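J.: Here you go, this is work_32.txt (compact mmCIF, C-alpha atoms).
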```txt
# COMPACT_ATOMS: atom_id res chain seq x y z
CA MET O 1 -67.38 -39.51 6.44
CA SER O 2 -65.52 -37.26 8.91
CA ALA O 3 -65.04 -34.66 6.14
CA PHE O 4 -68.79 -34.45 5.51
CA PRO O 5 -69.96 -30.91 6.47
CA GLY O 6 -73.02 -32.05 8.39
CA THR O 7 -75.14 -34.93 9.63
CA PHE O 8 -78.09 -36.84 8.15
CA ALA O 9 -81.46 -36.74 9.84
CA PHE O 10 -84.99 -37.81 8.91
CA ASP O 11 -88.31 -36.06 9.42
CA GLU O 12 -91.55 -37.71 10.61
CA TYR O 13 -92.30 -38.88 7.06
CA GLY O 14 -88.93 -40.54 6.63
CA ARG O 15 -87.56 -37.89 4.26
CA PRO O 16 -83.82 -37.25 4.72
CA PHE O 17 -82.27 -33.83 5.24
CA ILE O 18 -78.83 -32.52 6.19
CA ILE O 19 -77.96 -30.49 9.26
CA LEU O 20 -74.93 -28.34 8.43
CA ARG O 21 -72.33 -27.91 11.10
CA ASP O 22 -71.49 -24.30 10.28
CA GLN O 23 -74.94 -23.08 11.34
CA GLU O 24 -73.60 -22.46 14.82
CA LYS O 25 -70.91 -20.21 13.35
CA GLN O 26 -73.47 -17.92 11.71
CA LYS O 27 -73.97 -14.63 13.53
CA ARG O 28 -77.00 -12.37 13.55
CA ILE O 29 -76.27 -8.70 14.19
CA THR O 30 -78.88 -6.42 15.71
CA GLY O 31 -79.24 -2.91 17.04
CA THR O 32 -76.54 -0.35 16.32
CA ASP O 33 -74.28 -2.87 14.59
CA ALA O 34 -77.00 -3.70 12.06
CA ILE O 35 -77.64 0.00 11.37
CA LYS O 36 -73.93 0.63 10.81
CA SER O 37 -73.77 -2.35 8.45
CA HIS O 38 -76.58 -0.84 6.39
CA ILE O 39 -74.91 2.58 6.38
CA LEU O 40 -71.65 1.00 5.22
CA ALA O 41 -73.38 -0.70 2.28
CA ALA O 42 -75.03 2.57 1.19
CA ARG O 43 -71.76 4.51 1.52
CA GLN O 44 -69.91 1.98 -0.62
CA ILE O 45 -72.41 2.41 -3.46
CA ALA O 46 -72.26 6.21 -3.08
CA SER O 47 -68.45 6.10 -3.23
CA ILE O 48 -68.62 4.16 -6.51
CA LEU O 49 -70.80 6.85 -8.11
CA LYS O 50 -69.03 9.82 -6.50
CA THR O 51 -66.21 9.83 -9.08
CA SER O 52 -68.71 10.05 -11.98
CA LEU O 53 -70.47 13.17 -10.63
CA GLY O 54 -70.30 16.45 -12.51
CA PRO O 55 -69.08 17.54 -15.96
CA LYS O 56 -65.58 16.21 -15.23
CA GLY O 57 -66.82 12.92 -13.83
CA LEU O 58 -65.09 9.74 -14.87
CA ASP O 59 -66.72 7.08 -17.04
CA LYS O 60 -67.34 3.59 -15.71
CA ILE O 61 -66.89 0.42 -17.74
CA MET O 62 -69.73 -2.00 -17.01
CA VAL O 63 -69.38 -5.62 -18.18
CA THR O 64 -72.41 -7.92 -18.08
CA GLY O 65 -72.35 -11.66 -17.50
CA ASP O 66 -72.61 -12.15 -21.28
CA GLY O 67 -69.53 -10.01 -21.86
CA ASP O 68 -71.37 -6.94 -23.20
CA VAL O 69 -69.43 -3.76 -22.40
CA THR O 70 -71.09 -0.42 -21.59
CA VAL O 71 -69.10 2.78 -21.01
CA THR O 72 -71.12 5.48 -19.21
CA ASN O 73 -71.06 8.07 -16.44
CA ASP O 74 -74.85 8.19 -16.13
CA GLY O 75 -75.82 7.31 -12.57
CA ALA O 76 -79.10 5.61 -13.50
CA THR O 77 -77.39 3.37 -16.06
CA ILE O 78 -74.58 2.44 -13.66
CA MET O 79 -77.01 1.62 -10.84
CA LYS O 80 -79.27 -0.36 -13.17
CA MET O 81 -76.38 -2.53 -14.39
CA MET O 82 -74.84 -3.14 -10.97
CA GLU O 83 -75.62 -6.52 -9.45
CA VAL O 84 -76.40 -5.48 -5.88
CA ASP O 85 -77.27 -8.18 -3.34
CA HIS O 86 -77.48 -6.07 -0.17
CA GLU O 87 -81.05 -4.93 0.58
CA ILE O 88 -79.98 -1.37 1.43
CA GLY O 89 -77.96 -1.31 -1.77
CA LYS O 90 -81.12 -2.26 -3.67
CA LEU O 91 -82.91 0.68 -2.03
CA MET O 92 -80.19 2.99 -3.37
CA VAL O 93 -80.73 1.54 -6.84
CA GLN O 94 -84.48 2.19 -6.53
CA LEU O 95 -83.74 5.75 -5.35
CA SER O 96 -81.70 6.39 -8.50
CA GLN O 97 -84.36 4.85 -10.77
CA SER O 98 -87.21 6.84 -9.20
CA GLN O 99 -85.19 10.05 -9.67
CA ASP O 100 -84.66 9.13 -13.31
CA ASP O 101 -88.38 8.38 -13.81
CA GLU O 102 -89.63 11.54 -12.08
CA ILE O 103 -87.03 14.14 -13.07
CA GLY O 104 -84.83 12.54 -15.72
CA ASP O 105 -81.63 13.99 -14.27
CA GLY O 106 -79.67 14.09 -11.01
CA THR O 107 -79.51 10.31 -10.67
CA THR O 108 -75.89 10.39 -9.50
CA GLY O 109 -76.42 13.37 -7.19
CA VAL O 110 -79.25 11.82 -5.16
CA VAL O 111 -77.21 8.67 -4.44
CA VAL O 112 -74.12 10.68 -3.44
CA LEU O 113 -76.28 12.97 -1.25
CA ALA O 114 -77.93 9.97 0.42
CA GLY O 115 -74.50 8.47 1.11
CA ALA O 116 -73.29 11.77 2.64
CA LEU O 117 -76.38 12.04 4.87
CA LEU O 118 -75.91 8.47 6.11
CA GLU O 119 -72.25 9.19 6.78
CA GLN O 120 -73.25 12.09 9.02
CA ALA O 121 -75.96 9.96 10.62
CA GLU O 122 -73.36 7.40 11.68
CA GLY O 123 -71.65 9.93 13.92
CA LEU O 124 -75.01 10.88 15.49
CA ILE O 125 -75.79 7.21 16.18
CA ASP O 126 -72.44 6.87 17.97
CA ARG O 127 -73.60 9.67 20.26
CA GLY O 128 -76.67 7.64 21.19
CA ILE O 129 -79.29 9.53 19.17
CA HIS O 130 -82.16 7.35 17.99
CA PRO O 131 -82.46 6.85 14.18
CA ILE O 132 -86.05 8.18 14.17
CA ARG O 133 -84.86 11.43 15.76
CA ILE O 134 -82.13 11.68 13.12
CA ALA O 135 -84.68 11.13 10.33
CA ASP O 136 -86.93 13.83 11.83
CA GLY O 137 -83.94 16.17 11.89
CA PHE O 138 -83.21 15.52 8.23
CA GLU O 139 -86.87 16.24 7.43
CA LEU O 140 -86.72 19.60 9.25
CA ALA O 141 -83.44 20.41 7.51
CA ALA O 142 -85.05 19.66 4.12
CA GLN O 143 -87.91 22.06 4.93
CA CYS O 144 -85.41 24.80 5.88
CA ALA O 145 -83.44 24.15 2.67
CA VAL O 146 -86.58 24.42 0.54
CA LYS O 147 -87.53 27.72 2.19
CA GLN O 148 -84.04 29.09 1.60
CA LEU O 149 -84.11 28.01 -2.04
CA GLU O 150 -87.47 29.72 -2.53
CA ALA O 151 -86.07 32.89 -0.94
CA ILE O 152 -82.99 33.09 -3.16
CA ALA O 153 -84.65 31.77 -6.35
CA VAL O 154 -84.82 34.11 -9.32
CA PRO O 155 -87.98 33.92 -11.49
CA PHE O 156 -87.27 32.56 -14.94
CA PRO O 157 -89.98 33.59 -17.41
CA ILE O 158 -90.29 31.31 -20.43
CA ASP O 159 -90.62 33.12 -23.73
CA PRO O 160 -91.12 30.83 -26.74
CA GLN O 161 -89.82 33.64 -28.96
CA ASN O 162 -86.51 33.83 -27.05
CA LYS O 163 -85.10 30.31 -26.83
CA GLU O 164 -81.50 31.22 -26.08
CA PRO O 165 -81.78 31.08 -22.22
CA LEU O 166 -83.49 27.70 -22.48
CA ILE O 167 -80.80 26.44 -24.86
CA GLN O 168 -78.08 27.56 -22.43
CA ILE O 169 -79.78 25.62 -19.62
CA ALA O 170 -80.09 22.54 -21.83
CA MET O 171 -76.41 22.79 -22.75
CA THR O 172 -75.54 22.86 -19.05
CA THR O 173 -77.46 19.66 -18.34
CA LEU O 174 -75.96 17.96 -21.40
CA GLY O 175 -72.43 18.82 -20.32
CA SER O 176 -71.86 15.46 -18.62
CA LYS O 177 -73.57 13.38 -21.32
CA ILE O 178 -71.94 11.58 -24.22
CA VAL O 179 -73.66 13.95 -26.69
CA ASN O 180 -71.51 16.89 -25.61
CA LYS O 181 -69.64 16.85 -28.93
CA CYS O 182 -72.93 17.96 -30.55
CA HIS O 183 -73.67 20.20 -27.58
CA ARG O 184 -75.47 23.07 -29.26
CA GLN O 185 -77.37 20.94 -31.79
CA MET O 186 -78.75 18.52 -29.19
CA ALA O 187 -79.70 21.37 -26.84
CA GLU O 188 -81.65 23.16 -29.61
CA MET O 189 -83.43 19.92 -30.55
CA ALA O 190 -84.38 19.26 -26.92
CA VAL O 191 -85.73 22.80 -26.39
CA ASP O 192 -87.71 22.76 -29.66
CA ALA O 193 -89.18 19.32 -28.85
CA VAL O 194 -90.35 20.42 -25.40
CA LEU O 195 -91.77 23.76 -26.58
CA ASN O 196 -93.77 21.99 -29.30
CA VAL O 197 -95.69 19.86 -26.78
CA ALA O 198 -95.56 22.08 -23.67
CA ASP O 199 -98.53 23.84 -22.13
CA ILE O 200 -96.87 27.12 -21.12
CA GLU O 201 -99.85 28.40 -19.10
CA LYS O 202 -100.16 25.23 -17.00
CA LYS O 203 -96.37 24.76 -16.92
CA ASP O 204 -96.86 21.14 -17.94
CA VAL O 205 -95.08 18.94 -20.49
CA ASN O 206 -96.44 15.59 -21.65
CA PHE O 207 -93.21 13.71 -22.36
CA GLU O 208 -95.22 10.81 -23.81
CA LEU O 209 -95.60 12.98 -26.91
CA ILE O 210 -91.83 13.14 -27.42
CA LYS O 211 -90.39 10.01 -29.00
CA VAL O 212 -86.75 9.15 -29.64
CA GLU O 213 -86.24 6.97 -32.71
CA THR O 214 -82.77 5.50 -33.22
CA LYS O 215 -81.30 4.15 -36.45
CA VAL O 216 -78.10 2.19 -36.97
CA GLY O 217 -75.45 3.99 -39.00
CA GLY O 218 -74.76 7.62 -39.69
CA ARG O 219 -73.27 10.18 -37.32
CA MET O 220 -74.61 11.96 -34.28
CA GLU O 221 -74.63 15.17 -36.31
CA ASP O 222 -77.26 13.59 -38.61
CA SER O 223 -79.86 13.72 -35.81
CA VAL O 224 -82.91 15.83 -36.64
CA LEU O 225 -86.12 16.88 -34.93
CA VAL O 226 -89.22 15.83 -36.84
CA LYS O 227 -92.31 17.87 -35.97
CA GLY O 228 -94.66 15.01 -36.60
CA VAL O 229 -94.74 11.25 -36.17
CA VAL O 230 -92.02 8.89 -37.42
CA VAL O 231 -93.24 5.36 -38.17
CA ASP O 232 -90.81 2.64 -39.21
CA LYS O 233 -93.04 1.40 -42.04
CA THR O 234 -93.30 1.71 -45.81
CA MET O 235 -96.26 2.09 -48.16
CA SER O 236 -98.03 -1.24 -48.51
CA HIS O 237 -97.38 -1.36 -52.28
CA ALA O 238 -94.14 -0.40 -54.01
CA GLN O 239 -96.02 1.54 -56.74
CA MET O 240 -97.90 3.77 -54.29
CA PRO O 241 -96.71 7.40 -54.17
CA LYS O 242 -93.91 8.11 -51.70
CA THR O 243 -94.90 11.73 -51.05
CA LEU O 244 -98.40 13.02 -50.27
CA ARG O 245 -99.47 16.58 -49.51
CA ASP O 246 -102.60 17.92 -47.77
CA VAL O 247 -103.46 14.43 -46.64
CA LYS O 248 -106.70 13.22 -45.05
CA LEU O 249 -105.89 10.16 -42.93
CA ALA O 250 -108.24 7.31 -42.06
CA ILE O 251 -106.85 5.71 -38.88
CA LEU O 252 -108.22 2.18 -38.80
CA THR O 253 -107.97 -0.63 -36.27
CA CYS O 254 -110.13 -2.97 -38.40
CA PRO O 255 -108.52 -5.35 -40.91
CA PHE O 256 -109.03 -5.23 -44.68
CA GLU O 257 -110.52 -8.70 -44.94
CA PRO O 258 -113.98 -10.25 -45.39
CA PRO O 259 -116.01 -10.67 -42.19
CA LYS O 260 -115.72 -14.00 -40.44
CA PRO O 261 -118.28 -15.80 -38.25
CA LYS O 262 -117.74 -15.50 -34.52
CA THR O 263 -118.11 -19.26 -34.05
CA LYS O 264 -115.93 -22.08 -35.35
CA HIS O 265 -116.70 -22.83 -38.96
CA LYS O 266 -115.65 -25.05 -41.82
CA LEU O 267 -116.04 -24.21 -45.50
CA ASP O 268 -115.91 -26.91 -48.16
CA VAL O 269 -115.14 -25.79 -51.71
CA THR O 270 -116.01 -28.74 -53.95
CA SER O 271 -116.09 -27.17 -57.42
CA ALA O 272 -114.61 -24.41 -59.53
CA GLU O 273 -117.92 -22.54 -59.41
CA ASP O 274 -117.84 -22.51 -55.60
CA TYR O 275 -114.28 -21.18 -55.66
CA ARG O 276 -115.23 -18.44 -58.15
CA ALA O 277 -118.23 -17.48 -56.02
CA LEU O 278 -116.04 -17.29 -52.91
CA ARG O 279 -113.44 -15.19 -54.71
CA GLU O 280 -116.09 -12.83 -56.08
CA TYR O 281 -117.58 -12.45 -52.60
CA GLU O 282 -114.17 -11.58 -51.11
CA GLN O 283 -113.43 -9.12 -53.91
CA GLU O 284 -116.84 -7.53 -53.48
CA LYS O 285 -116.20 -7.04 -49.75
CA PHE O 286 -112.72 -5.60 -50.41
CA VAL O 287 -114.14 -3.12 -52.95
CA GLU O 288 -116.88 -2.17 -50.50
CA MET O 289 -114.33 -1.46 -47.74
CA VAL O 290 -112.13 0.61 -50.05
CA LYS O 291 -115.21 2.53 -51.25
CA MET O 292 -116.20 3.36 -47.64
CA VAL O 293 -112.74 4.81 -47.01
CA LYS O 294 -112.75 6.76 -50.28
CA ASP O 295 -116.30 8.06 -49.76
CA ALA O 296 -115.28 9.47 -46.36
CA GLY O 297 -112.72 11.63 -48.18
CA ALA O 298 -109.58 9.83 -47.05
CA THR O 299 -106.45 10.01 -49.20
CA LEU O 300 -104.34 7.73 -46.98
CA ALA O 301 -105.26 4.71 -44.85
CA ILE O 302 -103.27 3.93 -41.70
CA CYS O 303 -104.15 0.36 -40.71
CA GLN O 304 -103.17 -1.38 -37.49
CA TRP O 305 -103.56 -4.81 -39.10
CA GLY O 306 -102.23 -6.28 -42.33
CA PHE O 307 -104.04 -7.25 -45.51
CA ASP O 308 -103.31 -9.72 -48.28
CA ASP O 309 -101.99 -9.04 -51.77
CA GLU O 310 -105.45 -8.91 -53.33
CA ALA O 311 -106.58 -6.13 -50.98
CA ASN O 312 -103.27 -4.37 -51.56
CA HIS O 313 -103.77 -4.53 -55.32
CA LEU O 314 -107.32 -3.16 -55.01
CA LEU O 315 -106.05 -0.26 -52.90
CA LEU O 316 -103.52 0.55 -55.62
CA GLN O 317 -106.23 0.29 -58.32
CA HIS O 318 -108.49 2.70 -56.44
CA GLU O 319 -105.53 5.10 -55.84
CA LEU O 320 -105.74 4.82 -52.06
CA PRO O 321 -102.24 4.69 -50.52
CA ALA O 322 -102.04 2.68 -47.31
CA VAL O 323 -99.63 1.81 -44.51
CA ARG O 324 -100.18 -1.49 -42.71
CA TRP O 325 -99.01 -3.12 -39.48
CA VAL O 326 -98.75 0.19 -37.62
CA GLY O 327 -98.39 -0.49 -33.87
CA GLY O 328 -100.83 0.64 -31.20
CA PRO O 329 -98.61 3.41 -29.67
CA GLU O 330 -97.85 4.83 -33.13
CA ILE O 331 -101.57 4.76 -34.01
CA GLU O 332 -102.32 6.84 -30.89
CA LEU O 333 -99.52 9.32 -31.65
CA ILE O 334 -100.76 9.72 -35.24
CA ALA O 335 -104.30 10.37 -33.98
CA ILE O 336 -103.03 13.02 -31.52
CA ALA O 337 -100.75 14.71 -34.08
CA THR O 338 -103.34 14.81 -36.90
CA GLY O 339 -106.47 15.41 -34.84
CA GLY O 340 -108.09 12.26 -36.20
CA ARG O 341 -110.17 9.59 -34.50
CA ILE O 342 -109.25 5.92 -34.28
CA VAL O 343 -112.00 4.01 -36.11
CA PRO O 344 -112.67 0.36 -35.14
CA ARG O 345 -115.18 -0.40 -37.96
CA PHE O 346 -115.48 0.74 -41.57
CA GLU O 347 -119.17 1.57 -41.07
CA GLU O 348 -118.23 4.21 -38.45
CA LEU O 349 -115.79 6.08 -40.69
CA THR O 350 -116.97 9.61 -41.49
CA ALA O 351 -115.29 12.77 -42.76
CA ASP O 352 -115.15 14.39 -39.30
CA LYS O 353 -113.09 11.44 -37.96
CA LEU O 354 -110.30 11.89 -40.50
CA GLY O 355 -106.94 13.32 -39.48
CA SER O 356 -105.12 16.06 -41.40
CA ALA O 357 -101.44 16.21 -42.33
CA GLY O 358 -99.62 18.72 -44.50
CA LEU O 359 -96.99 16.23 -45.66
CA VAL O 360 -96.59 12.45 -45.51
CA ARG O 361 -93.49 10.99 -47.11
CA GLU O 362 -91.52 7.79 -47.15
CA ILE O 363 -87.78 8.15 -46.63
CA CYS O 364 -85.48 5.27 -47.49
CA LYS O 365 -81.75 5.51 -46.78
CA TYR O 366 -79.60 2.76 -48.19
```
Using structure tokens, write down the structure that the file contains.
T.:
Amino acid sequence: MSAFPGTFAFDEYGRPFIILRDQEKQKRITGTDAIKSHILAARQIASILKTSLGPKGLDKIMVTGDGDVTVTNDGATIMKMMEVDHEIGKLMVQLSQSQDDEIGDGTTGVVVLAGALLEQAEGLIDRGIHPIRIADGFELAAQCAVKQLEAIAVPFPIDPQNKEPLIQIAMTTLGSKIVNKCHRQMAEMAVDAVLNVADIEKKDVNFELIKVETKVGGRMEDSVLVKGVVVDKTMSHAQMPKTLRDVKLAILTCPFEPPKPKTKHKLDVTSAEDYRALREYEQEKFVEMVKMVKDAGATLAICQWGFDDEANHLLLQHELPAVRWVGGPEIELIAIATGGRIVPRFEELTADKLGSAGLVREICKY
């Protein structure tokens, strides 16, 4: 028992617990020593990212616990995959992620800059300056830096007709990314995508309207910019046309199925006549729904929910192409791109709620 690392004890309820002997060896650091410990942790993380900064930065090989390997020099990706236990280290990770969320670039630079500022702060702490005074000094320095940047900044007018300066800027930012072998192509795609959704007067870009869709296979040079909405779905029936022009879209969030009671119900079919009557009722409802869509002037139905084979066959019979199981985000993007309204009930569908599209086509690559 002499090798046991502690002693047994019992609480007032008779429950046993162990008192470890090494508790007395634990040390708690406070004051300047604690601040220097935090600075050291931040500097170590900054030193890891420092070598991946810039167009000639080195790649890092990140290996997860499952053995998955990621090769990258992107600061946000490196910080996200690092398993950091130190609380200050976690703050540096959050700093990189917030930079990525707000700006989308400079994730490595902000961490390296923070590490350099803390390195300078360490010398000031050794001189006896209080950390709050140091933070105030950094704040004043930031204000002076912003004023100087505004003084030396050169106005950059954006002309949608002259994209070359924008493409050159995009190529500069893509210099340190893995897509640099398709430098010019990716830069042109990025500029065209932003200009298509940008509000030049308000100097605002809604990046939610730009979607990146990835597919396995092919080469990076096969990447294209689609000025529309890409949905990873096919026509609901194989015999429906694959290409439609001058389309009027009905964007539906209601299912193609007979209405059901709100309460729990049980239906007993005891004879062939009952079954035929039920089938005729369902078919009548399906035909009524298809007729409502056709009467509104729609030539394509985009449905958030699925429908069975009978409804699918009726849609084909009535020459109404349809796409089913389209997700909520895609439904919203289709409504924005086509100027249509999302309709929750067939009875509310009218011609003014239909979206318009010049071309809808299904592309299959085998």
J.: Can you pull out every residue within 10 Å of stretch 324-334 of chain O, counting all atoms listed in the file, but drop anything in the same chain fewer than 6 positions away, and send it as a ChimeraX atom specification?
T.: /O:208-211,228-237,249,251-253,255-256,301-307,312,340-342,355-357
J.: In Å, with one decimal, what is the gap from atom CA of O:Glu310 to atom CA of O:Val290?
T.: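 Going from atom CA of O:Glu310 over to atom CA of O:Val290, I get 12.1 Å.
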J.: Neighbours of stretch 120-126 of chain O within 12 Å (only C-alpha atoms; same-chain residues fewer than 3 positions away dropped), as a PyMOL selection string?
T.: chain O and resi 31-40+42-43+113-117+129-138
J.: Go through O:Ala187, O:Cys364, O:Leu53, O:Val154 and flag the residue nearest O:Ile167, using all atoms listed in the file for the distances.
T.: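 Closest to O:Ile167 of all the choices is O:Ala187.
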J.: Can you pull out every residue within 12 Å of O:Met92, counting only C-alpha atoms, but drop anything in the same chain fewer than 6 positions away, and send it as a ChimeraX atom specification?
T.: /O:38-39,41-46,49,75-76,78-80,82,84-86,98-99,107-115,118
J.: Could you tell me how far atom CA of O:Leu300 sits from atom CA of O:Pro321, in Å to one decimal place?
T.: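 Distance reported for this atom pair: 5.1 Å.
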J.: Identify the residues around (-115.2, 7.0, -51.4) within a radius of 12 Å, measuring from only C-alpha atoms in the coordinates stated by the file, and give them as a list in words.
T.: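 Looking at atoms near the point gives Ala250, Val287, Glu288, Met289, Val290, Lys291, Met292, Val293, Lys294, Asp295, Ala296, Gly297, Ala298, Thr299, Leu300, Leu315, His318, Glu319, Leu320, Phe346, Leu349, Thr350 and Ala351 of chain O.
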J.: By how many Å are atom CA of O:Lys181 and atom CA of O:Ser223 apart?
T.: 12.7 Å
J.: Could you check the closest approach to O:Asn73 for each of O:Asp268, O:Asp59, O:Glu188, O:Glu221 and tell me which residue wins, using all atoms listed in the file?
T.: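 For O:Asn73, the nearest of the candidates is O:Asp59.
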J.: Given the choices O:Val224, O:Ile158, O:Met171, O:His183, which gets closest to O:Ala198 if the distance is worked out from all atoms listed in the file?
T.: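 Of O:Val224, O:Ile158, O:Met171, O:His183, the one nearest O:Ala198, counting all atoms listed in the file, is O:Ile158.
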J.: What's the 10 Å shell around O:Leu225, counting all atoms listed in the file, without same-chain residues fewer than 5 positions away, as a ChimeraX atom specification?
T.: /O:186,188-190,192-193,212
